[in-house]
file final_17.cif (mmCIF, C-alpha atoms)
data_target
#
loop_
_atom_site.label_atom_id
_atom_site.label_comp_id
_atom_site.auth_asym_id
_atom_site.auth_seq_id
_atom_site.Cartn_x
_atom_site.Cartn_y
_atom_site.Cartn_z
CA MET Q 1256 48.63 11.33 132.55
CA SER Q 1257 47.46 11.96 128.98
CA ASP Q 1258 49.70 12.41 125.95
CA ASN Q 1259 50.66 15.95 125.08
CA THR Q 1260 48.81 16.68 121.83
CA SER Q 1261 50.23 20.17 121.21
CA LYS Q 1262 51.92 20.72 117.86
CA GLU Q 1263 55.49 19.45 118.06
CA GLN Q 1264 58.40 21.83 117.73
CA ASN Q 1265 61.26 20.75 115.44
CA SER Q 1266 63.88 23.29 116.52
CA ILE Q 1267 64.68 25.81 119.26
CA PRO Q 1268 66.63 29.02 118.64
CA THR Q 1269 69.76 28.47 120.74
CA SER Q 1270 72.21 31.22 119.75
CA LYS Q 1271 72.01 34.72 121.25
CA VAL Q 1272 71.46 36.17 117.77
CA GLU Q 1273 68.54 33.83 117.00
CA ARG Q 1274 66.90 34.34 120.38
CA SER Q 1275 67.41 38.12 120.24
CA ALA Q 1276 65.83 38.22 116.77
CA LYS Q 1277 62.79 36.39 118.15
CA PHE Q 1278 62.37 38.98 120.92
CA VAL Q 1279 62.76 41.85 118.44
CA LYS Q 1280 60.12 40.32 116.17
CA THR Q 1281 57.76 39.96 119.14
CA GLY Q 1282 58.47 43.58 120.12
CA PHE Q 1283 57.37 44.72 116.66
CA LYS Q 1284 54.14 42.71 117.01
CA ILE Q 1285 53.42 44.34 120.36
CA GLY Q 1286 54.14 47.77 118.88
CA GLY Q 1287 51.60 46.97 116.16
CA ASN Q 1288 49.05 45.94 118.80
CA TYR Q 1289 49.46 49.32 120.55
CA ILE Q 1290 49.05 51.20 117.24
CA LYS Q 1291 45.90 49.19 116.51
CA HIS Q 1292 44.58 49.83 120.05
CA TYR Q 1293 45.11 53.61 119.97
CA SER Q 1294 43.71 53.86 116.41
CA LYS Q 1295 40.50 52.20 117.60
CA LYS Q 1296 40.47 54.36 120.71
CA LEU Q 1297 40.32 57.50 118.54
CA PHE Q 1298 36.85 56.40 117.44
CA ASN Q 1299 35.86 54.83 120.77
CA PRO Q 1300 37.37 56.80 123.70
CA GLU Q 1301 35.63 54.52 126.24
CA MET Q 1302 37.48 51.45 124.95
CA ASP Q 1303 39.49 49.64 127.67
CA LYS Q 1304 42.70 47.62 127.29
CA SER Q 1305 41.10 44.14 127.34
CA GLU Q 1306 41.66 43.48 123.63
CA LEU Q 1307 45.18 44.96 123.77
CA ASN Q 1308 46.10 42.76 126.74
CA GLU Q 1309 44.68 39.69 124.98
CA ASP Q 1310 46.64 40.39 121.77
CA ASN Q 1311 49.88 41.12 123.65
CA ALA Q 1312 49.53 38.08 125.91
CA THR Q 1313 48.97 35.82 122.88
CA ASP Q 1314 51.98 37.18 120.97
CA ILE Q 1315 54.31 37.11 123.98
CA TYR Q 1316 53.26 33.60 125.03
CA GLN Q 1317 53.67 32.25 121.49
CA SER Q 1318 57.19 33.68 121.32
CA LEU Q 1319 58.20 32.45 124.79
CA SER Q 1320 56.77 28.99 124.07
CA GLU Q 1321 59.03 28.63 121.06
CA LEU Q 1322 62.08 29.93 122.96
CA LYS Q 1323 61.41 27.72 126.04
CA GLY Q 1324 63.77 28.05 128.98
CA SER Q 1325 64.09 30.97 131.36
CA ALA Q 1326 61.89 33.29 129.31
CA LEU Q 1327 58.97 30.84 129.52
CA LYS Q 1328 59.77 30.09 133.17
CA VAL Q 1329 59.39 33.77 134.06
CA ALA Q 1330 55.98 33.73 132.33
CA GLN Q 1331 55.03 30.68 134.38
CA MET Q 1332 56.09 32.43 137.60
CA LEU Q 1333 54.14 35.57 136.73
CA SER Q 1334 51.01 33.53 135.98
CA MET Q 1335 51.05 32.35 139.61
CA ASP Q 1336 50.95 35.91 140.96
CA LYS Q 1337 47.43 37.11 140.36
CA ASN Q 1338 48.25 40.66 141.46
CA LEU Q 1339 51.08 41.39 139.01
CA LEU Q 1340 49.45 40.90 135.62
CA PRO Q 1341 46.16 41.60 133.83
CA GLN Q 1342 43.92 38.51 133.64
CA ALA Q 1343 44.62 37.95 129.92
CA TYR Q 1344 48.32 37.37 130.70
CA VAL Q 1345 47.54 35.11 133.67
CA ASP Q 1346 45.20 32.95 131.55
CA LYS Q 1347 47.67 32.64 128.68
CA PHE Q 1348 50.85 32.15 130.74
CA THR Q 1349 49.18 29.49 132.91
CA GLN Q 1350 49.44 27.17 129.89
CA SER Q 1351 53.20 26.97 130.50
CA GLN Q 1352 52.51 25.06 133.73
CA TYR Q 1353 51.12 22.08 131.82
CA ASN Q 1354 51.11 22.34 128.08
CA ALA Q 1355 53.92 24.12 126.22
CA PRO Q 1356 54.59 22.84 122.65
CA PRO Q 1357 56.73 19.65 122.95
CA LEU Q 1358 59.98 18.93 121.11
CA SER Q 1359 60.02 16.54 118.16
CA GLY Q 1360 61.57 13.05 118.29
CA PRO Q 1361 64.83 13.87 116.45
CA LEU Q 1362 65.70 16.59 119.00
CA ILE Q 1363 65.09 14.12 121.85
CA VAL Q 1364 67.37 11.51 120.27
CA GLN Q 1365 70.02 14.19 119.67
CA THR Q 1366 69.99 15.08 123.40
CA PHE Q 1367 70.47 11.43 124.43
CA LYS Q 1368 73.34 10.97 121.99
CA LYS Q 1369 75.04 14.08 123.36
CA TYR Q 1370 74.90 13.02 127.03
CA PHE Q 1371 74.91 9.20 126.88
CA GLY Q 1372 76.33 8.46 123.44
CA LYS Q 1373 73.27 6.24 122.84
CA ASN Q 1374 69.70 6.41 121.55
CA PRO Q 1375 67.01 6.15 124.26
CA GLU Q 1376 66.05 2.69 122.90
CA GLN Q 1377 69.57 1.49 123.74
CA ILE Q 1378 69.17 2.59 127.39
CA TYR Q 1379 65.56 1.62 128.19
CA ASP Q 1380 63.56 -1.48 127.19
CA LYS Q 1381 60.78 0.85 125.97
CA PHE Q 1382 60.79 4.62 125.35
CA ASN Q 1383 57.80 6.67 124.17
CA ILE Q 1384 59.19 9.32 121.81
CA ARG Q 1385 56.04 11.42 122.31
CA SER Q 1386 56.13 13.48 125.50
CA THR Q 1387 53.40 13.25 128.12
CA ASN Q 1388 54.00 16.76 129.50
CA ALA Q 1389 55.99 19.72 128.17
CA ALA Q 1390 56.65 22.79 130.31
CA SER Q 1391 59.12 25.66 130.44
CA ILE Q 1392 62.50 23.99 130.94
CA GLY Q 1393 61.94 20.39 129.92
CA GLN Q 1394 59.47 17.71 128.93
CA VAL Q 1395 58.63 14.26 130.29
CA HIS Q 1396 58.59 10.93 128.44
CA GLN Q 1397 57.43 7.54 129.61
CA ALA Q 1398 59.89 4.63 129.52
CA GLU Q 1399 60.26 1.09 130.87
CA LEU Q 1400 63.27 -0.82 132.17
CA LYS Q 1401 63.22 -4.31 133.70
CA GLY Q 1402 59.44 -4.14 134.07
CA LYS Q 1403 59.50 -0.81 135.93
CA LYS Q 1404 57.66 2.18 134.49
CA LEU Q 1405 59.84 5.31 134.43
CA ALA Q 1406 59.49 9.05 133.83
CA VAL Q 1407 62.35 10.58 131.85
CA LYS Q 1408 62.68 14.37 132.02
CA ILE Q 1409 64.66 15.91 129.18
CA GLN Q 1410 65.85 19.51 129.20
CA TYR Q 1411 65.38 21.59 126.07
CA PRO Q 1412 68.59 22.25 124.10
CA GLY Q 1413 70.33 25.52 124.93
CA VAL Q 1414 68.14 26.35 127.95
CA GLY Q 1415 70.93 26.25 130.53
CA ASP Q 1416 73.29 28.29 128.36
CA SER Q 1417 70.85 31.08 127.51
CA ILE Q 1418 69.55 32.11 130.96
CA SER Q 1419 71.57 35.32 131.43
CA SER Q 1420 71.06 36.57 127.87
CA ASP Q 1421 67.34 35.65 127.89
CA LEU Q 1422 66.71 37.56 131.11
CA LYS Q 1423 68.38 40.65 129.62
CA LEU Q 1424 66.12 40.31 126.56
CA ILE Q 1425 62.95 39.87 128.62
CA LYS Q 1426 63.61 42.96 130.77
CA PRO Q 1427 61.84 45.43 128.39
CA PHE Q 1428 58.72 43.22 128.41
CA ALA Q 1429 58.92 42.92 132.21
CA PHE Q 1430 59.20 46.71 132.54
CA ARG Q 1431 56.03 47.15 130.51
CA MET Q 1432 54.06 44.35 132.15
CA LEU Q 1433 55.14 44.81 135.78
CA GLY Q 1434 55.75 48.53 136.10
CA MET Q 1435 58.66 47.93 138.51
CA SER Q 1436 61.48 50.39 139.02
CA GLU Q 1437 64.79 49.42 137.39
CA LYS Q 1438 66.40 48.72 140.78
CA GLU Q 1439 63.54 46.46 141.85
CA LEU Q 1440 63.50 44.68 138.50
CA ASN Q 1441 67.29 44.09 138.68
CA ILE Q 1442 66.97 42.53 142.16
CA TYR Q 1443 64.12 40.36 140.87
CA MET Q 1444 66.06 39.26 137.77
CA MET Q 1445 69.26 38.49 139.72
CA GLU Q 1446 67.44 36.23 142.16
CA VAL Q 1447 65.51 34.55 139.31
CA GLU Q 1448 68.77 33.98 137.41
CA GLU Q 1449 70.41 32.36 140.44
CA ARG Q 1450 67.51 29.94 140.94
CA LEU Q 1451 67.21 29.17 137.20
CA LEU Q 1452 70.91 28.33 136.94
CA GLU Q 1453 70.32 25.77 139.69
CA GLU Q 1454 67.09 24.57 138.11
CA THR Q 1455 68.77 23.75 134.79
CA ASP Q 1456 71.46 21.67 136.52
CA TYR Q 1457 69.74 18.27 136.50
CA GLU Q 1458 72.60 16.57 138.37
CA LEU Q 1459 72.00 19.01 141.24
CA GLU Q 1460 68.24 18.36 140.99
CA VAL Q 1461 68.72 14.59 141.32
CA ARG Q 1462 70.89 15.05 144.44
CA ARG Q 1463 68.37 17.45 145.97
CA SER Q 1464 65.40 15.27 145.02
CA ILE Q 1465 66.92 12.29 146.84
CA GLU Q 1466 67.91 14.45 149.83
CA PHE Q 1467 64.49 16.13 150.20
CA SER Q 1468 62.39 13.03 149.51
CA GLU Q 1469 64.36 11.16 152.22
CA ALA Q 1470 64.01 14.09 154.66
CA CYS Q 1471 60.23 14.25 154.03
CA ALA Q 1472 59.68 10.47 153.92
CA ASN Q 1473 57.75 10.35 157.22
CA LEU Q 1474 55.15 12.96 156.23
CA ALA Q 1475 51.62 11.51 156.07
CA ASN Q 1476 50.06 11.10 152.62
CA VAL Q 1477 53.07 12.48 150.72
CA VAL Q 1478 54.89 10.25 148.21
CA PHE Q 1479 57.92 10.71 145.96
CA PRO Q 1480 59.34 8.87 142.98
CA LYS Q 1481 62.66 7.03 143.27
CA TYR Q 1482 65.47 8.71 141.32
CA TYR Q 1483 68.15 6.94 139.28
CA PRO Q 1484 71.46 8.88 139.15
CA GLU Q 1485 73.01 6.22 136.88
CA LEU Q 1486 70.30 6.91 134.26
CA SER Q 1487 70.51 10.70 134.67
CA SER Q 1488 72.89 13.41 133.44
CA LYS Q 1489 73.27 17.19 133.45
CA ARG Q 1490 70.26 17.51 131.12
CA ILE Q 1491 68.30 14.24 131.64
CA ILE Q 1492 66.61 12.84 134.78
CA THR Q 1493 65.20 9.33 135.18
CA MET Q 1494 62.78 8.61 138.03
CA ASP Q 1495 59.89 6.26 138.82
CA TRP Q 1496 56.63 7.00 137.05
CA LEU Q 1497 53.97 8.21 139.51
CA GLU Q 1498 50.42 7.41 138.43
CA GLY Q 1499 47.95 10.12 139.30
CA LYS Q 1500 46.04 13.21 138.28
CA HIS Q 1501 47.16 16.83 138.16
CA LEU Q 1502 45.18 19.20 140.37
CA ARG Q 1503 42.70 20.38 137.75
CA GLU Q 1504 42.06 16.76 136.62
CA PHE Q 1505 41.60 15.74 140.26
CA LEU Q 1506 39.15 18.58 140.94
CA ALA Q 1507 37.18 17.65 137.80
CA THR Q 1508 36.34 14.31 139.48
CA ASN Q 1509 34.40 16.24 142.17
CA PRO Q 1510 36.35 14.76 145.12
CA SER Q 1511 34.83 14.66 148.59
CA GLN Q 1512 35.63 17.36 151.13
CA GLN Q 1513 37.43 14.73 153.21
CA LEU Q 1514 39.75 13.94 150.30
CA ARG Q 1515 40.32 17.64 149.54
CA ASP Q 1516 41.24 18.17 153.20
CA GLN Q 1517 43.58 15.17 153.15
CA ILE Q 1518 45.48 16.46 150.09
CA GLY Q 1519 45.47 20.00 151.50
CA GLN Q 1520 46.89 18.78 154.81
CA ALA Q 1521 49.62 16.85 153.00
CA LEU Q 1522 50.51 19.98 151.02
CA TRP Q 1523 50.57 22.21 154.12
CA ASP Q 1524 52.75 19.74 156.04
CA PHE Q 1525 55.09 19.24 153.09
CA TYR Q 1526 55.79 22.97 152.81
CA ASN Q 1527 55.89 23.92 156.46
CA PHE Q 1528 58.05 20.95 157.45
CA GLN Q 1529 60.62 22.13 154.90
CA GLN Q 1530 60.41 25.81 155.86
CA HIS Q 1531 60.68 25.28 159.60
CA GLU Q 1532 62.65 22.05 159.98
CA LEU Q 1533 64.93 22.13 156.91
CA ARG Q 1534 65.11 25.93 156.37
CA ALA Q 1535 65.07 25.19 152.64
CA VAL Q 1536 61.91 24.79 150.61
CA HIS Q 1537 60.56 23.50 147.29
CA ALA Q 1538 60.00 26.95 145.79
CA ASP Q 1539 57.98 26.05 142.68
CA PRO Q 1540 54.46 25.39 143.97
CA HIS Q 1541 52.60 25.40 140.66
CA PRO Q 1542 50.01 22.64 140.24
CA GLY Q 1543 51.99 20.93 137.44
CA ASN Q 1544 54.59 19.78 139.97
CA PHE Q 1545 52.15 17.64 141.93
CA MET Q 1546 50.10 14.52 141.28
CA ILE Q 1547 47.19 13.17 143.31
CA THR Q 1548 47.39 9.38 143.41
CA ALA Q 1549 44.47 6.95 143.25
CA ASP Q 1550 44.82 6.24 147.00
CA GLY Q 1551 44.56 9.95 147.89
CA LYS Q 1552 48.20 10.86 148.40
CA LEU Q 1553 50.13 13.91 147.23
CA GLY Q 1554 52.88 12.97 144.77
CA VAL Q 1555 55.74 15.49 144.45
CA ILE Q 1556 57.46 15.13 141.07
CA ASP Q 1557 59.85 18.07 140.75
CA PHE Q 1558 62.55 19.42 143.06
CA GLY Q 1559 64.29 21.67 140.53
CA CYS Q 1560 63.76 24.93 142.40
CA ILE Q 1561 64.92 25.04 146.05
CA LYS Q 1562 65.13 28.21 148.13
CA VAL Q 1563 67.41 28.19 151.16
CA MET Q 1564 66.34 30.57 153.96
CA PRO Q 1565 69.26 32.08 155.90
CA ASP Q 1566 68.83 32.86 159.61
CA ASP Q 1567 68.95 36.64 159.07
CA PHE Q 1568 65.79 36.29 156.93
CA TYR Q 1569 64.03 33.39 158.64
CA TYR Q 1570 63.98 34.73 162.20
CA PRO Q 1571 62.73 38.29 161.64
CA PHE Q 1572 60.21 37.22 158.97
CA PHE Q 1573 58.57 34.37 160.87
CA ALA Q 1574 58.72 36.31 164.13
CA LEU Q 1575 56.33 38.71 162.40
CA THR Q 1576 53.91 35.92 161.48
CA SER Q 1577 54.05 33.79 164.60
CA THR Q 1578 54.79 35.82 167.75
CA ASP Q 1579 53.40 38.85 169.56
CA LEU Q 1580 56.01 41.08 167.92
CA PHE Q 1581 53.26 43.29 166.48
CA ASP Q 1582 52.38 44.34 170.03
CA SER Q 1583 55.47 46.54 169.98
CA LYS Q 1584 55.68 49.11 167.19
CA GLU Q 1585 59.37 49.66 167.94
CA ASP Q 1586 60.22 45.93 167.66
CA THR Q 1587 58.11 45.57 164.52
CA ILE Q 1588 59.92 48.48 162.83
CA ALA Q 1589 63.27 46.94 163.87
CA ALA Q 1590 62.26 43.67 162.15
CA PHE Q 1591 61.10 45.61 159.05
CA ARG Q 1592 64.51 47.33 158.95
CA LYS Q 1593 66.35 43.98 159.11
CA LEU Q 1594 64.26 42.80 156.19
CA GLU Q 1595 64.81 46.11 154.28
CA MET Q 1596 61.08 46.75 154.14
CA ILE Q 1597 61.87 50.07 155.83
CA LEU Q 1598 65.04 51.69 154.46
CA PRO Q 1599 67.71 53.81 156.23
CA ASN Q 1600 66.86 56.99 154.32
CA ASP Q 1601 63.09 56.86 154.91
CA THR Q 1602 61.61 59.97 156.52
CA PRO Q 1603 59.54 59.60 159.71
CA ALA Q 1604 56.38 59.95 157.60
CA GLN Q 1605 57.57 57.14 155.27
CA VAL Q 1606 58.47 54.94 158.24
CA ASP Q 1607 54.93 55.35 159.59
CA PHE Q 1608 53.39 54.72 156.17
CA PHE Q 1609 55.34 51.52 155.47
CA TYR Q 1610 54.95 50.31 159.06
CA THR Q 1611 51.16 50.61 158.69
CA MET Q 1612 51.00 48.99 155.22
CA PHE Q 1613 53.41 46.12 155.90
CA ARG Q 1614 51.85 45.40 159.29
CA GLN Q 1615 48.47 45.07 157.58
CA MET Q 1616 49.92 42.97 154.75
CA ILE Q 1617 51.72 40.49 157.03
CA GLY Q 1618 48.76 40.41 159.41
CA LEU Q 1619 46.65 39.17 156.49
CA PHE Q 1620 49.25 36.67 155.31
CA ALA Q 1621 49.70 35.30 158.85
CA LYS Q 1622 46.02 34.54 159.50
CA PRO Q 1623 46.44 30.78 158.85
CA TYR Q 1624 49.41 30.71 161.26
CA ILE Q 1625 47.62 32.27 164.23
CA THR Q 1626 44.89 29.62 164.51
CA ASN Q 1627 45.16 25.84 164.90
CA GLU Q 1628 42.96 25.21 161.86
CA PHE Q 1629 42.20 27.26 158.75
CA ASP Q 1630 39.61 26.98 156.00
CA PHE Q 1631 41.33 27.87 152.71
CA GLY Q 1632 38.00 27.69 150.94
CA GLU Q 1633 37.03 30.92 152.71
CA LYS Q 1634 36.43 33.33 149.85
CA ALA Q 1635 36.42 36.45 152.05
CA PHE Q 1636 40.03 35.84 153.14
CA PHE Q 1637 41.29 35.61 149.56
CA ASP Q 1638 39.19 38.57 148.42
CA GLU Q 1639 40.81 40.61 151.19
CA LEU Q 1640 44.32 39.26 150.49
CA PHE Q 1641 44.23 39.79 146.72
CA GLY Q 1642 42.33 43.05 147.05
CA PHE Q 1643 45.02 44.43 149.35
CA GLY Q 1644 47.77 43.25 146.99
CA GLU Q 1645 46.06 44.87 144.03
CA ARG Q 1646 45.62 48.12 145.96
CA ILE Q 1647 49.26 48.47 146.98
CA SER Q 1648 50.49 47.45 143.51
CA LYS Q 1649 48.97 50.71 142.23
CA MET Q 1650 50.53 52.89 144.92
CA PRO Q 1651 53.51 54.98 143.79
CA GLU Q 1652 55.24 54.31 147.14
CA PHE Q 1653 55.62 50.64 146.17
CA LYS Q 1654 57.30 51.29 142.82
CA GLN Q 1655 60.69 51.34 144.57
CA ALA Q 1656 62.42 48.17 145.77
CA ARG Q 1657 61.32 47.04 149.24
CA GLY Q 1658 62.45 43.92 151.04
CA VAL Q 1659 65.49 41.64 150.83
CA LYS Q 1660 65.85 39.39 147.78
CA HIS Q 1661 64.71 36.30 149.73
CA PHE Q 1662 61.13 37.60 149.64
CA ILE Q 1663 60.89 36.91 145.90
CA TYR Q 1664 60.86 33.12 146.22
CA VAL Q 1665 59.54 32.85 149.79
CA ASN Q 1666 56.49 34.97 148.87
CA ARG Q 1667 56.07 33.04 145.63
CA THR Q 1668 56.22 29.77 147.60
CA ASN Q 1669 53.72 30.72 150.28
CA PHE Q 1670 51.23 32.49 148.05
CA GLY Q 1671 51.50 29.60 145.58
CA LEU Q 1672 50.73 27.23 148.45
CA TYR Q 1673 47.77 29.37 149.54
CA ASN Q 1674 46.42 29.45 145.97
CA ILE Q 1675 46.52 25.67 145.58
CA LEU Q 1676 44.86 25.19 148.99
CA HIS Q 1677 42.21 27.70 147.93
CA GLU Q 1678 41.56 25.76 144.71
CA LEU Q 1679 41.21 22.62 146.81
CA LYS Q 1680 38.92 24.49 149.24
CA ALA Q 1681 40.75 22.55 151.92
CA LYS Q 1682 40.43 22.89 155.68
CA VAL Q 1683 43.80 22.07 157.28
CA LYS Q 1684 45.39 21.89 160.72
CA THR Q 1685 47.98 24.66 160.64
CA ASP Q 1686 49.69 23.86 163.95
CA THR Q 1687 51.54 20.75 162.70
CA TYR Q 1688 54.89 22.42 161.89
CA LYS Q 1689 55.31 25.79 163.53
CA PRO Q 1690 58.05 28.40 162.99
CA HIS Q 1691 61.04 28.22 165.34
CA VAL Q 1692 61.35 31.81 166.47
CA GLU Q 1693 62.52 31.40 170.06
CA ALA Q 1694 65.85 33.00 169.10
CA VAL Q 1695 64.16 36.32 168.41
CA ALA Q 1696 64.70 38.78 171.25
#

call {"tool": "encode", "arguments": {"input": "final_17.cif", "output": "structure tokens"}}
result
Amino acid sequence: MSDNTSKEQNSIPTSKVERSAKFVKTGFKIGGNYIKHYSKKLFNPEMDKSELNEDNATDIYQSLSELKGSALKVAQMLSMDKNLLPQAYVDKFTQSQYNAPPLSGPLIVQTFKKYFGKNPEQIYDKFNIRSTNAASIGQVHQAELKGKKLAVKIQYPGVGDSISSDLKLIKPFAFRMLGMSEKELNIYMMEVEERLLEETDYELEVRRSIEFSEACANLANVVFPKYYPELSSKRIITMDWLEGKHLREFLATNPSQQLRDQIGQALWDFYNFQQHELRAVHADPHPGNFMITADGKLGVIDFGCIKVMPDDFYYPFFALTSTDLFDSKEDTIAAFRKLEMILPNDTPAQVDFFYTMFRQMIGLFAKPYITNEFDFGEKAFFDELFGFGERISKMPEFKQARGVKHFIYVNRTNFGLYNILHELKAKVKTDTYKPHVEAVA
């Protein structure tokens, strides 16, 4: 890990008034960008929106970076979905996965005094006041205690208290960027809010981290840090320091195909063991949450976001990916109805349309599941997958809400997994942990 060299931030707007003012100011900037764009377009009618998207992405990211918290977390989530946003936004928002501006030393000390009544130097033998990584909800510092190297994750002030109000403030930007209907956006925001409230509860994260790391302890080539509840609080987590490289640093070393496959297999097993054996899954598969160790193992360093999959979602969804359900149009439509992909008021023509589109979509998604081995370096598969996603995102029929709320994080999890495996160009055995769908009639 290298030190975070971004310009330090000395304060975070924490009150609703301060945070609202920041959004309003950003809104004015975006309005100015549109005026500039359309003024130029008067003289150059062929001009596209590339410059406008670049200017808007820069202004929005700068604002969200200073606000931290749920607003920046939403940007991070959107950057992982390559079909939702123009490339300028994806490029800019991806920075939040690794390199948001860190907090200054005095704010760090203030947080420790609030939750432990002590300075960090009174708790640890050594504590580096400069962060090594700063992301959307917190930043990580290196410390030592009794000869053991530790990672200390500190949540930004006010993040946990501003989630609901921040999501209300970000809705106008989301409307403009995503083009969702209000109903669909409300479902999205409610599910995001629920997960973010959990993600900002560091006591819950420590309990889950211990629970999941113990449950996954027997997986090959997957390692976890040890967590220290006695050195953690509602806004601070202490765990072992895992030495390793983030994905992009690892790939820059030009690893062998064998090593790529080994890491890819570990990642596939980690996710599918959780989905099919635990029915709850680490739902934040961005590359910043993983380290590749010197001995070629996958280190998992963040369990803040967990998505539980209830039976009434798990069975119909994975029956679609892993059984011969598609052989029966009637049974497939019944599963789509359970998952609210086809709605009660749909006309026969709409039922046929959505049956055809969703069958094609899930058929694409399920390709890795229907063979014993899959090459995620296969460019044609991802071109087809992303091309299909881009095509339906422009269809007016998909502007209304479709699918139960569980899709938001389950899709994010699986497509995030696919994306990382694609970056690794890994070939993996996909029959190691299969869906349990025997209960489907």

call {"tool": "resolve_selection", "arguments": {"input": "final_17.cif", "expression": "the PyMOL selection byres ((chain Q and resi 1379) around 12)", "output": "short mmCIF file (atom, residue, chain, number, x, y, z; two decimals) with C-alpha atoms, in the frame of the given file"}}
result
data_model
loop_
_atom_site.label_atom_id
_atom_site.label_comp_id
_atom_site.auth_asym_id
_atom_site.auth_seq_id
_atom_site.Cartn_x
_atom_site.Cartn_y
_atom_site.Cartn_z
CA PHE Q 1367 70.47 11.43 124.43
CA LYS Q 1373 73.27 6.24 122.84
CA ASN Q 1374 69.70 6.41 121.55
CA PRO Q 1375 67.01 6.15 124.26
CA GLU Q 1376 66.05 2.69 122.90
CA GLN Q 1377 69.57 1.49 123.74
CA ILE Q 1378 69.17 2.59 127.39
CA ASP Q 1380 63.56 -1.48 127.19
CA LYS Q 1381 60.78 0.85 125.97
CA PHE Q 1382 60.79 4.62 125.35
CA ASN Q 1383 57.80 6.67 124.17
CA ILE Q 1384 59.19 9.32 121.81
CA HIS Q 1396 58.59 10.93 128.44
CA GLN Q 1397 57.43 7.54 129.61
CA ALA Q 1398 59.89 4.63 129.52
CA GLU Q 1399 60.26 1.09 130.87
CA LEU Q 1400 63.27 -0.82 132.17
CA LYS Q 1401 63.22 -4.31 133.70
CA GLY Q 1402 59.44 -4.14 134.07
CA LYS Q 1403 59.50 -0.81 135.93
CA LYS Q 1404 57.66 2.18 134.49
CA LEU Q 1405 59.84 5.31 134.43
CA ALA Q 1406 59.49 9.05 133.83
CA VAL Q 1407 62.35 10.58 131.85
CA LEU Q 1486 70.30 6.91 134.26
CA THR Q 1493 65.20 9.33 135.18
#

call {"tool": "closest_residue", "arguments": {"input": "final_17.cif", "among": "Q:Lys1562, Q:Arg1614, Q:Lys1660, Q:His1501", "to": "Q:Gln1529", "atoms": "all atoms listed in the file"}}
result
Q:Lys1562

call {"tool": "resolve_selection", "arguments": {"input": "final_17.cif", "expression": "the PyMOL selection byres ((chain Q and resi 1503-1506) around 12)", "output": "ChimeraX atom specification"}}
result
/Q:1256-1257,1352-1353,1499-1502,1507-1512,1514-1515,1518,1541-1543,1545-1549,1551-1553,1675-1681

call {"tool": "closest_residue", "arguments": {"input": "final_17.cif", "among": "Q:Arg1667, Q:His1661, Q:Arg1646, Q:Arg1534", "to": "Q:His1691", "atoms": "only C-alpha atoms"}}
result
Q:Arg1534

call {"tool": "closest_residue", "arguments": {"input": "final_17.cif", "among": "Q:Phe1629, Q:Phe1613, Q:Phe1558, Q:Phe1670", "to": "Q:Gly1658", "atoms": "all atoms listed in the file"}}
result
Q:Phe1613

call {"tool": "residues_around", "arguments": {"input": "final_17.cif", "residues": "stretch 1604-1606 of chain Q", "least_positions_apart": "2", "cutoff": "12 Å", "atoms": "only C-alpha atoms", "output": "list of chain:residue names"}}
result
Q:Lys1584, Q:Glu1585, Q:Thr1587, Q:Ile1588, Q:Ala1589, Q:Phe1591, Q:Arg1592, Q:Glu1595, Q:Met1596, Q:Ile1597, Q:Leu1598, Q:Pro1599, Q:Asn1600, Q:Asp1601, Q:Thr1602, Q:Phe1608, Q:Phe1609, Q:Tyr1610, Q:Thr1611, Q:Met1612, Q:Phe1613, Q:Arg1614, Q:Glu1652, Q:Phe1653
